[in-house]
file model-v4.txt (compact mmCIF, C-alpha atoms and all ligand atoms)
# COMPACT_ATOMS: atom_id res chain seq x y z
CA MET R 87 -17.03 2.33 15.59
CA LYS R 88 -16.72 0.11 12.52
CA GLU R 89 -15.36 -3.43 12.50
CA ARG R 90 -12.33 -4.73 14.34
CA ILE R 91 -9.26 -5.24 12.13
CA LEU R 92 -6.05 -7.07 12.99
CA VAL R 93 -2.90 -5.48 11.56
CA THR R 94 0.19 -7.68 11.70
CA GLY R 95 3.41 -5.69 11.51
CA GLY R 96 1.36 -2.67 12.55
CA THR R 97 4.27 -0.80 14.13
CA GLY R 98 6.33 -1.13 10.94
CA TYR R 99 6.76 1.44 8.19
CA ILE R 100 3.73 0.77 6.00
CA GLY R 101 1.76 -0.87 8.80
CA SER R 102 1.84 2.16 11.10
CA HIS R 103 0.63 4.52 8.37
CA THR R 104 -2.15 2.08 7.55
CA VAL R 105 -3.25 1.85 11.19
CA VAL R 106 -3.73 5.64 11.23
CA GLU R 107 -5.80 5.57 8.03
CA LEU R 108 -7.94 2.70 9.32
CA GLN R 109 -8.60 4.63 12.52
CA ASN R 110 -9.38 7.77 10.52
CA SER R 111 -12.00 5.69 8.70
CA GLY R 112 -13.54 4.53 11.97
CA TYR R 113 -12.09 1.00 12.19
CA GLU R 114 -10.96 -0.43 15.50
CA VAL R 115 -7.40 -1.67 15.17
CA ILE R 116 -5.51 -4.41 16.98
CA ILE R 117 -1.79 -4.36 16.22
CA ILE R 118 0.54 -7.30 16.59
CA ASP R 119 4.24 -6.99 15.90
CA ASN R 120 7.34 -8.84 17.08
CA LEU R 121 9.26 -5.50 17.11
CA SER R 122 12.07 -7.05 15.06
CA ASN R 123 12.17 -3.96 12.86
CA SER R 124 10.23 -1.36 14.85
CA THR R 125 9.74 -0.06 18.38
CA ALA R 126 6.74 0.02 20.72
CA ASP R 127 6.75 3.84 20.92
CA VAL R 128 5.37 3.90 17.38
CA VAL R 129 2.04 3.18 19.10
CA ASP R 130 2.34 6.51 20.97
CA ASN R 131 2.89 8.35 17.72
CA ILE R 132 -0.07 6.64 16.08
CA GLU R 133 -2.15 7.85 19.02
CA LYS R 134 -0.78 11.39 18.68
CA ILE R 135 -1.96 11.52 15.07
CA SER R 136 -5.32 9.78 15.25
CA GLY R 137 -6.25 10.56 18.84
CA ILE R 138 -6.97 6.88 19.38
CA ARG R 139 -4.62 4.39 20.98
CA PRO R 140 -4.72 1.10 19.09
CA VAL R 141 -4.45 -2.13 21.05
CA PHE R 142 -0.89 -3.42 20.77
CA GLU R 143 0.34 -6.93 21.56
CA LYS R 144 3.93 -8.00 21.03
CA LEU R 145 3.57 -11.23 19.12
CA ASP R 146 5.34 -13.09 16.35
CA CYS R 147 3.10 -14.51 13.64
CA GLN R 148 5.20 -17.67 13.66
CA ASP R 149 3.73 -18.36 17.12
CA TYR R 150 0.61 -20.39 16.29
CA GLU R 151 -0.57 -20.81 19.90
CA GLY R 152 0.01 -17.13 20.61
CA LEU R 153 -2.06 -16.17 17.58
CA ASP R 154 -4.81 -18.59 18.53
CA ALA R 155 -4.96 -17.04 22.00
CA LEU R 156 -4.99 -13.54 20.52
CA PHE R 157 -8.09 -14.29 18.44
CA GLY R 158 -9.68 -15.63 21.63
CA LYS R 159 -8.73 -12.52 23.61
CA TYR R 160 -10.04 -10.12 20.94
CA PRO R 161 -13.13 -11.80 19.48
CA GLY R 162 -14.94 -10.51 16.44
CA ILE R 163 -11.95 -9.61 14.26
CA LYS R 164 -13.42 -9.26 10.77
CA ALA R 165 -10.29 -8.93 8.69
CA ILE R 166 -6.52 -9.06 8.78
CA ILE R 167 -3.99 -6.90 7.01
CA HIS R 168 -0.81 -8.92 6.95
CA PHE R 169 2.35 -6.79 6.78
CA ALA R 170 4.56 -8.76 9.17
CA ALA R 171 7.36 -10.15 7.04
CA SER R 172 11.08 -9.92 6.44
CA LYS R 173 11.73 -7.61 3.51
CA ALA R 174 15.40 -6.92 2.86
CA VAL R 175 16.42 -8.32 -0.51
CA GLY R 176 20.16 -8.57 0.29
CA GLU R 177 19.63 -10.16 3.68
CA SER R 178 17.33 -12.73 2.12
CA VAL R 179 20.19 -13.91 -0.07
CA GLU R 180 22.39 -14.36 3.02
CA LYS R 181 19.72 -15.93 5.21
CA PRO R 182 17.22 -17.63 2.91
CA LEU R 183 15.87 -20.04 5.52
CA LEU R 184 15.07 -17.21 7.91
CA TYR R 185 13.09 -15.57 5.11
CA TYR R 186 11.29 -18.74 4.06
CA ARG R 187 10.47 -19.66 7.64
CA ASN R 188 9.25 -16.24 8.71
CA ASN R 189 7.35 -15.27 5.58
CA LEU R 190 5.77 -18.66 4.93
CA VAL R 191 5.00 -19.88 8.46
CA SER R 192 3.44 -16.55 9.45
CA LEU R 193 1.08 -16.63 6.49
CA ILE R 194 0.16 -20.29 6.95
CA ASN R 195 -0.63 -19.75 10.64
CA LEU R 196 -2.96 -16.86 9.88
CA LEU R 197 -4.73 -18.66 7.04
CA GLU R 198 -5.24 -21.74 9.22
CA LEU R 199 -6.64 -19.75 12.11
CA MET R 200 -8.96 -17.46 10.14
CA PRO R 201 -11.83 -19.94 9.57
CA GLU R 202 -11.63 -21.18 13.18
CA HIS R 203 -12.18 -17.63 14.41
CA GLN R 204 -14.64 -16.57 11.67
CA VAL R 205 -12.27 -13.99 10.22
CA LYS R 206 -13.44 -13.32 6.68
CA GLY R 207 -11.14 -10.78 5.08
CA PHE R 208 -7.44 -10.89 4.30
CA VAL R 209 -5.34 -8.16 2.69
CA PHE R 210 -1.82 -9.17 1.85
CA SER R 211 1.30 -7.06 1.21
CA SER R 212 2.68 -8.30 -2.04
CA SER R 213 5.20 -6.57 -4.24
CA CYS R 214 5.91 -5.64 -7.83
CA THR R 215 8.99 -7.78 -7.34
CA VAL R 216 6.79 -10.74 -8.43
CA TYR R 217 6.90 -9.39 -12.01
CA GLY R 218 10.68 -9.46 -12.39
CA GLU R 219 11.90 -7.51 -15.45
CA PRO R 220 8.73 -6.53 -17.33
CA ASP R 221 8.19 -7.29 -21.02
CA GLU R 222 5.73 -4.42 -21.40
CA LEU R 223 5.24 -1.14 -19.56
CA PRO R 224 3.27 0.04 -17.75
CA ILE R 225 2.77 -3.36 -16.18
CA THR R 226 -0.71 -4.73 -15.52
CA GLU R 227 -1.81 -7.35 -13.01
CA ASN R 228 -2.08 -9.90 -15.84
CA ALA R 229 1.62 -9.75 -16.68
CA LEU R 230 3.56 -12.97 -16.44
CA ILE R 231 5.13 -13.82 -13.10
CA LYS R 232 8.84 -14.33 -13.73
CA GLN R 233 11.35 -16.39 -11.79
CA ALA R 234 12.13 -14.50 -8.58
CA THR R 235 15.58 -12.94 -8.33
CA SER R 236 15.90 -13.26 -4.53
CA PRO R 237 14.59 -15.47 -1.74
CA TYR R 238 12.60 -12.45 -0.54
CA GLY R 239 10.93 -12.09 -3.94
CA ASN R 240 10.31 -15.83 -4.01
CA THR R 241 8.54 -15.70 -0.64
CA LYS R 242 6.14 -13.10 -2.09
CA GLN R 243 5.42 -15.34 -5.09
CA ILE R 244 4.94 -18.41 -2.91
CA ASN R 245 2.76 -16.42 -0.51
CA GLU R 246 0.50 -15.42 -3.39
CA GLU R 247 0.25 -19.08 -4.46
CA ILE R 248 -0.49 -20.27 -0.92
CA VAL R 249 -3.32 -17.75 -0.67
CA ARG R 250 -4.76 -18.75 -4.04
CA ASP R 251 -4.60 -22.49 -3.28
CA THR R 252 -6.20 -21.96 0.12
CA VAL R 253 -9.12 -20.04 -1.37
CA ALA R 254 -9.46 -22.58 -4.19
CA SER R 255 -9.78 -25.34 -1.57
CA GLY R 256 -12.96 -23.68 -0.35
CA ALA R 257 -11.67 -21.83 2.71
CA PRO R 258 -14.34 -19.29 3.74
CA ILE R 259 -12.10 -16.28 3.26
CA GLU R 260 -11.86 -13.39 0.83
CA VAL R 261 -8.55 -11.95 -0.17
CA ILE R 262 -7.05 -8.89 -1.78
CA LEU R 263 -3.40 -9.02 -2.78
CA LEU R 264 -1.84 -5.58 -3.11
CA ARG R 265 1.29 -5.45 -5.21
CA TYR R 266 3.18 -2.40 -4.01
CA PHE R 267 5.61 -0.54 -6.19
CA ASN R 268 8.31 1.49 -4.35
CA PRO R 269 6.88 3.00 -1.14
CA ILE R 270 8.64 6.17 0.01
CA GLY R 271 8.05 9.21 2.21
CA ALA R 272 6.66 9.58 5.69
CA HIS R 273 3.62 10.88 7.51
CA PRO R 274 3.13 14.66 6.99
CA THR R 275 3.33 15.15 10.78
CA ALA R 276 6.81 13.53 10.74
CA LEU R 277 5.62 11.33 13.59
CA LEU R 278 5.76 8.14 11.52
CA GLY R 279 8.24 6.98 8.91
CA GLU R 280 10.73 4.27 8.15
CA LEU R 281 13.00 3.61 11.13
CA PRO R 282 16.62 3.07 10.14
CA ASN R 283 17.99 -0.38 10.75
CA GLY R 284 21.70 -0.36 9.95
CA VAL R 285 22.90 0.90 6.58
CA PRO R 286 19.82 1.48 4.40
CA GLN R 287 19.63 -0.61 1.25
CA ASN R 288 16.74 1.31 -0.29
CA LEU R 289 17.25 4.48 -2.24
CA VAL R 290 15.32 7.14 -0.32
CA PRO R 291 16.50 6.30 3.22
CA PHE R 292 20.09 6.25 1.95
CA LEU R 293 19.50 9.53 0.13
CA THR R 294 18.07 11.34 3.18
CA GLN R 295 20.87 10.00 5.39
CA THR R 296 23.39 11.33 2.87
CA ALA R 297 21.69 14.71 2.79
CA MET R 298 21.92 14.71 6.60
CA GLY R 299 25.64 13.92 6.52
CA ILE R 300 25.26 10.49 8.12
CA ARG R 301 26.55 8.95 4.85
CA GLU R 302 29.23 10.62 2.83
CA LYS R 303 27.90 9.92 -0.63
CA LEU R 304 24.94 8.33 -2.35
CA SER R 305 25.98 5.76 -4.94
CA VAL R 306 23.79 5.68 -8.03
CA PHE R 307 23.90 2.10 -9.22
CA GLY R 308 24.44 2.38 -12.97
CA ASP R 309 23.90 5.02 -15.66
CA ASP R 310 24.18 2.66 -18.62
CA TYR R 311 20.68 1.20 -18.56
CA ASN R 312 18.38 1.46 -21.55
CA THR R 313 16.50 4.47 -20.11
CA PRO R 314 16.55 8.17 -21.12
CA ASP R 315 19.20 9.15 -18.53
CA GLY R 316 20.71 5.69 -18.11
CA SER R 317 19.62 5.17 -14.49
CA CYS R 318 16.91 2.70 -13.41
CA ILE R 319 13.26 3.72 -13.40
CA ARG R 320 10.80 2.99 -10.57
CA ASP R 321 7.26 3.89 -9.59
CA PHE R 322 7.70 5.68 -6.26
CA ILE R 323 4.50 5.74 -4.24
CA ASN R 324 3.79 7.88 -1.20
CA VAL R 325 3.34 5.74 1.91
CA VAL R 326 0.13 7.53 2.96
CA ASP R 327 -1.39 6.95 -0.48
CA LEU R 328 -0.36 3.33 -0.12
CA ALA R 329 -1.87 3.12 3.37
CA LYS R 330 -5.19 4.42 2.02
CA ALA R 331 -5.27 1.64 -0.56
CA HIS R 332 -5.50 -0.83 2.33
CA VAL R 333 -8.52 0.92 3.79
CA VAL R 334 -10.43 0.75 0.51
CA ALA R 335 -9.43 -2.90 0.16
CA ILE R 336 -10.85 -3.64 3.62
CA ASP R 337 -14.02 -1.65 2.82
CA ARG R 338 -14.44 -3.64 -0.39
CA ILE R 339 -14.17 -7.01 1.34
CA LEU R 340 -16.37 -6.14 4.30
CA GLN R 341 -19.01 -4.51 2.11
CA GLY R 342 -19.14 -7.64 -0.06
CA LYS R 343 -18.10 -5.78 -3.20
CA GLN R 344 -15.47 -8.25 -4.37
CA LYS R 345 -15.97 -9.82 -7.79
CA GLU R 346 -13.58 -12.71 -7.12
CA LYS R 347 -12.53 -14.35 -3.89
CA VAL R 348 -8.93 -13.41 -4.63
CA GLU R 349 -8.36 -10.06 -6.28
CA ILE R 350 -5.01 -8.54 -7.18
CA PHE R 351 -4.24 -4.85 -7.54
CA ASN R 352 -1.17 -2.92 -8.55
CA ILE R 353 -0.62 -0.12 -6.05
CA GLY R 354 1.48 2.45 -7.82
CA THR R 355 1.22 5.90 -9.34
CA GLY R 356 1.61 4.95 -12.99
CA ARG R 357 4.53 7.40 -13.18
CA GLY R 358 8.03 6.11 -13.80
CA LEU R 359 10.82 8.22 -12.34
CA SER R 360 14.53 7.53 -12.80
CA VAL R 361 16.94 7.41 -9.90
CA LEU R 362 18.62 10.60 -11.18
CA GLU R 363 15.26 12.32 -11.64
CA LEU R 364 14.38 11.43 -8.07
CA ILE R 365 17.66 12.88 -6.78
CA HIS R 366 17.04 16.13 -8.65
CA ALA R 367 13.43 16.28 -7.46
CA PHE R 368 14.71 15.91 -3.89
CA GLU R 369 17.17 18.76 -4.35
CA GLU R 370 14.46 20.99 -5.86
CA ALA R 371 11.86 20.14 -3.23
CA THR R 372 14.10 20.60 -0.19
CA GLY R 373 16.80 22.99 -1.39
CA VAL R 374 19.36 20.52 -0.02
CA LYS R 375 22.25 19.62 -2.30
CA LEU R 376 23.09 15.96 -2.50
CA ASN R 377 26.51 14.41 -2.77
CA TYR R 378 26.18 11.52 -5.22
CA GLN R 379 28.31 9.54 -7.56
CA ILE R 380 27.58 7.15 -10.39
CA VAL R 381 28.96 3.69 -9.69
CA GLY R 382 28.50 0.28 -11.29
CA ARG R 383 25.22 -1.59 -11.49
CA ARG R 384 23.86 -3.41 -8.45
CA ALA R 385 23.37 -7.13 -9.03
CA GLY R 386 19.74 -8.18 -9.45
CA ASP R 387 18.32 -4.71 -10.18
CA ILE R 388 15.46 -4.41 -12.60
CA GLU R 389 16.03 -1.83 -15.34
CA LYS R 390 12.63 -0.20 -15.38
CA ILE R 391 9.24 -0.87 -13.91
CA TRP R 392 6.15 1.19 -13.28
CA ALA R 393 2.54 0.30 -12.66
CA ASP R 394 -0.55 0.42 -14.71
CA PRO R 395 -2.77 1.36 -11.73
CA GLU R 396 -5.95 1.63 -13.85
CA PHE R 397 -7.58 -1.50 -12.37
CA ALA R 398 -7.09 -0.20 -8.81
CA ASN R 399 -8.26 3.28 -9.86
CA ARG R 400 -11.45 1.90 -11.39
CA GLU R 401 -12.33 -1.03 -9.12
CA LEU R 402 -11.11 0.24 -5.76
CA GLY R 403 -11.87 3.88 -6.49
CA TRP R 404 -8.35 4.58 -5.24
CA THR R 405 -5.73 6.78 -6.88
CA ALA R 406 -2.33 7.97 -5.67
CA VAL R 407 -2.62 11.72 -5.23
CA GLU R 408 0.51 12.96 -3.46
CA THR R 409 3.15 14.74 -5.56
CA ILE R 410 6.72 13.52 -5.65
CA GLU R 411 7.87 16.88 -4.23
CA ASP R 412 5.61 16.67 -1.17
CA THR R 413 6.57 13.04 -0.73
CA LEU R 414 10.29 13.78 -0.78
CA ARG R 415 9.80 16.72 1.57
CA SER R 416 8.01 14.37 3.97
CA ALA R 417 10.95 11.96 3.79
CA TRP R 418 13.32 14.83 4.55
CA ASN R 419 11.20 16.12 7.47
CA TRP R 420 11.21 12.60 8.89
CA GLN R 421 14.99 12.48 8.63
CA LEU R 422 15.21 15.84 10.46
CA LYS R 423 12.91 14.47 13.15
CA LEU R 424 15.11 11.38 13.54
CA ARG R 425 18.09 13.66 14.15
CA GLU R 426 16.12 15.53 16.82
CA ARG R 427 15.44 12.18 18.46
CA ASP R 428 19.09 11.24 17.93
CA ILE R 429 18.22 8.13 15.94
CA GLN R 430 20.56 7.09 13.14
C1 LIG R 501 13.39 -3.54 -3.73
C2 LIG R 501 12.61 -4.79 -4.01
C3 LIG R 501 11.14 -4.55 -3.78
C4 LIG R 501 10.90 -4.02 -2.41
C5 LIG R 501 11.70 -2.74 -2.26
C6 LIG R 501 11.50 -2.12 -0.90
C7 LIG R 501 13.29 -6.33 -5.79
C8 LIG R 501 13.58 -6.47 -7.23
N1 LIG R 501 12.85 -5.13 -5.40
O1 LIG R 501 13.03 -2.61 -4.72
O2 LIG R 501 10.43 -5.74 -3.94
O3 LIG R 501 9.53 -3.77 -2.25
O4 LIG R 501 13.08 -3.03 -2.45
O5 LIG R 501 12.06 -2.91 0.11
O6 LIG R 501 13.41 -7.24 -5.04
N2 LIG R 501 19.62 2.69 -5.75
C9 LIG R 501 20.77 3.45 -5.90
N3 LIG R 501 21.53 3.69 -4.80
C10 LIG R 501 21.21 3.22 -3.55
C11 LIG R 501 20.03 2.44 -3.40
C12 LIG R 501 19.27 2.20 -4.53
O7 LIG R 501 21.08 3.89 -7.00
O8 LIG R 501 21.95 3.46 -2.61
C13 LIG R 501 18.78 2.44 -6.93
C14 LIG R 501 18.63 0.96 -7.24
O9 LIG R 501 19.67 0.53 -8.07
C15 LIG R 501 17.25 0.95 -7.93
C16 LIG R 501 16.51 2.10 -7.26
O10 LIG R 501 17.49 2.92 -6.66
O11 LIG R 501 17.42 1.23 -9.27
C17 LIG R 501 15.53 1.64 -6.20
O12 LIG R 501 16.20 0.77 -5.30
P1 LIG R 501 15.55 0.28 -3.93
O13 LIG R 501 15.05 1.43 -3.16
O14 LIG R 501 16.53 -0.63 -3.27
O15 LIG R 501 14.27 -0.53 -4.37
P2 LIG R 501 14.10 -1.72 -5.44
O16 LIG R 501 15.34 -2.46 -5.63
O17 LIG R 501 13.43 -1.13 -6.62

call {"tool": "encode", "arguments": {"input": "model-v4.txt", "output": "structure tokens", "more": "lines below"}}
Ligand code: UD1
result
Amino acid sequence: MKERILVTGGTGYIGSHTVVELQNSGYEVIIIDNLSNSTADVVDNIEKISGIRPVFEKLDCQDYEGLDALFGKYPGIKAIIHFAASKAVGESVEKPLLYYRNNLVSLINLLELMPEHQVKGFVFSSSCTVYGEPDELPITENALIKQATSPYGNTKQINEEIVRDTVASGAPIEVILLRYFNPIGAHPTALLGELPNGVPQNLVPFLTQTAMGIREKLSVFGDDYNTPDGSCIRDFINVVDLAKAHVVAIDRILQGKQKEKVEIFNIGTGRGLSVLELIHAFEEATGVKLNYQIVGRRAGDIEKIWADPEFANRELGWTAVETIEDTLRSAWNWQLKLRERDIQ
């Protein structure tokens, strides 16, 4: 058994896939989650895949005393992967203080407690949202950080700054910030995926729900962008590929391979796909016809963004390998599984 790793938000969408990959690599995982956007039975499904039941404690990262006690109860945690955060762009506009409180207080609590409990490594879920509308594509980690377009995006920028300032002050911690592009898909077993929480705001969950007949029609937000087919372009990354990036980040920290105390990596495929291309790829991959309609632009959308993942490829030795077809099939299989379980 390798080192003990704490995964906050470990029953969530990206967190649960990462727990499986950590276990597959021999790490011992402790999950904490407040279950605000997930359910405890995710732990059963993690166990079904990996054969190992991770420790699970229901805990909110805003609870400083609770966290302090957790580190006492599970001594020897070597690193934290911090997923637990609020992440819906639209909701963050409606409830900014909830977003600032949750996303900032959780991070501050963890960073304060790490040195006290000799936790060295920290991997943080950041987002390509910190780049805003890019000036050059593909976008590298050195691109300018633009003014955030939502409170959610702003919390990611502020989180990155808090981490950097904390390390600069001499805190004995080592950090990797992973800037995710657009995570999609589900585990190939269809035991893990993104649980629906009301009407989906993101493209792929809305798309699979439409294909299932839960939604009547998928709205494509705009076909008058400056792109070949007029729809927005994104870098869609398979969630298992993304999960694996966390394992190599943890390996790198714990094996002392970091070149800086804070390192930043783009986690994307390097392939830009338009919304319409994605819809057609889904239809091809699954044989399911999709009811969609072009409507007006959605406020705040970025026209086009995709990663230059070269730094992550070279330094982490990590590359996204899953095809878009397999990824979309996994999303569809997950949706079919949700219907079996009668979850909408
Ligand atoms: C947003 C966030 C990103 C976050 C991600 C996942 C910003 C700028 N981006 O990405 O940080 O990581 O959500 O939570 O804050 N679309 C449709 N119809 C739909 C839904 C979406 O056409 O019903 C289009 C959108 O206009 C966009 C693309 O699909 O062009 C992707 O949208 P979405 O899945 O919401 O992700 P982002 O907005 O790219």

call {"tool": "closest_residue", "arguments": {"input": "model-v4.txt", "among": "R:Phe397, R:Trp404, R:Phe267, R:Tyr217", "to": "Asp337 of chain R", "atoms": "only C-alpha atoms"}}
result
R:Trp404

call {"tool": "axis_aligned_box", "arguments": {"input": "model-v4.txt", "around": "ligand LIG 501 (chain R)", "padding_each_side": "6 Å", "output": "JSON"}}
result
{"center_x": 15.7, "center_y": -1.7, "center_z": -4.6, "size_x": 24.4, "size_y": 23.1, "size_z": 21.4}

call {"tool": "closest_residue", "arguments": {"input": "model-v4.txt", "among": "R:Thr296, R:Asn312, R:Asn399, R:Ser236", "to": "Lys181 of chain R", "atoms": "only C-alpha atoms"}}
result
R:Ser236

call {"tool": "residues_near_ligand", "arguments": {"input": "model-v4.txt", "ligand": "ligand LIG 501 (chain R)", "cutoff": "6 Å", "atoms": "only C-alpha atoms and all ligand atoms", "output": "list in words"}}
result
Lys173, Ala174, Val175, Ser213, Cys214, Thr215, Gly239, Asn268, Gln287, Asn288, Leu289, Phe292, Leu304, Ser305, Val306, Phe307, Cys318, Val361, Arg384 and Asp387 of chain R

call {"tool": "closest_residue", "arguments": {"input": "model-v4.txt", "among": "R:Val129, R:Ala165, R:Ile391, R:Val93", "to": "Val115 of chain R", "atoms": "all atoms listed in the file"}}
result
R:Val93

call {"tool": "closest_residue", "arguments": {"input": "model-v4.txt", "among": "R:Arg250, R:Lys390, R:Lys423, R:His366", "to": "Tyr378 of chain R", "atoms": "all atoms listed in the file"}}
result
R:His366

call {"tool": "atom_distance", "arguments": {"input": "model-v4.txt", "atom1": "atom CA of Glu143 of chain R", "atom2": "atom CA of Val326 of chain R"}}
result
23.6 Å

call {"tool": "residues_around", "arguments": {"input": "model-v4.txt", "residues": "Asp309 of chain R", "least_positions_apart": "4", "cutoff": "9 Å", "atoms": "all atoms listed in the file", "output": "PyMOL selection string"}}
result
chain R and resi 313+315-318+362+380-383

call {"tool": "residues_around", "arguments": {"input": "model-v4.txt", "residues": "Gly403 of chain R", "least_positions_apart": "3", "cutoff": "12 Å", "atoms": "all atoms listed in the file", "output": "tab-separated table (two decimals) with C-alpha atoms, in the coordinates of the input"}}
result
chain	number	residue	atom	x	y	z
R	330	LYS	CA	-5.19	4.42	2.02
R	331	ALA	CA	-5.27	1.64	-0.56
R	332	HIS	CA	-5.50	-0.83	2.33
R	333	VAL	CA	-8.52	0.92	3.79
R	334	VAL	CA	-10.43	0.75	0.51
R	335	ALA	CA	-9.43	-2.90	0.16
R	337	ASP	CA	-14.02	-1.65	2.82
R	338	ARG	CA	-14.44	-3.64	-0.39
R	343	LYS	CA	-18.10	-5.78	-3.20
R	351	PHE	CA	-4.24	-4.85	-7.54
R	353	ILE	CA	-0.62	-0.12	-6.05
R	395	PRO	CA	-2.77	1.36	-11.73
R	396	GLU	CA	-5.95	1.63	-13.85
R	397	PHE	CA	-7.58	-1.50	-12.37
R	398	ALA	CA	-7.09	-0.20	-8.81
R	399	ASN	CA	-8.26	3.28	-9.86
R	400	ARG	CA	-11.45	1.90	-11.39
R	406	ALA	CA	-2.33	7.97	-5.67

call {"tool": "atom_distance", "arguments": {"input": "model-v4.txt", "atom1": "atom CA of Gln379 of chain R", "atom2": "atom CA of Leu414 of chain R"}}
result
19.7 Å

call {"tool": "atom_distance", "arguments": {"input": "model-v4.txt", "atom1": "atom CA of Lys232 of chain R", "atom2": "atom CA of Ile248 of chain R"}}
result
16.9 Å

call {"tool": "residues_around", "arguments": {"input": "model-v4.txt", "residues": "segment 112-114 of chain R", "least_positions_apart": "4", "cutoff": "10 Å", "atoms": "all atoms listed in the file", "output": "list in words"}}
result
Met87, Lys88, Glu89, Arg90, Ile91, Leu92, Val105, Val106, Glu107, Leu108, Ile138, Arg139, Pro140, Val141, Ile163, Val333, Ile336 and Asp337 of chain R

call {"tool": "closest_residue", "arguments": {"input": "model-v4.txt", "among": "R:Val216, R:Val325, R:Leu376, R:Leu402", "to": "Glu280 of chain R", "atoms": "all atoms listed in the file"}}
result
R:Val325

call {"tool": "residues_around", "arguments": {"input": "model-v4.txt", "residues": "Thr241 of chain R", "least_positions_apart": "2", "cutoff": "8 Å", "atoms": "all atoms listed in the file", "output": "ChimeraX atom specification"}}
result
/R:185-186,189-190,237-239,243-245

call {"tool": "residues_around", "arguments": {"input": "model-v4.txt", "residues": "Ile350 of chain R", "least_positions_apart": "4", "cutoff": "8 Å", "atoms": "all atoms listed in the file", "output": "list in words"}}
result
Glu227, Ile262, Leu263, Leu264 and Arg265 of chain R
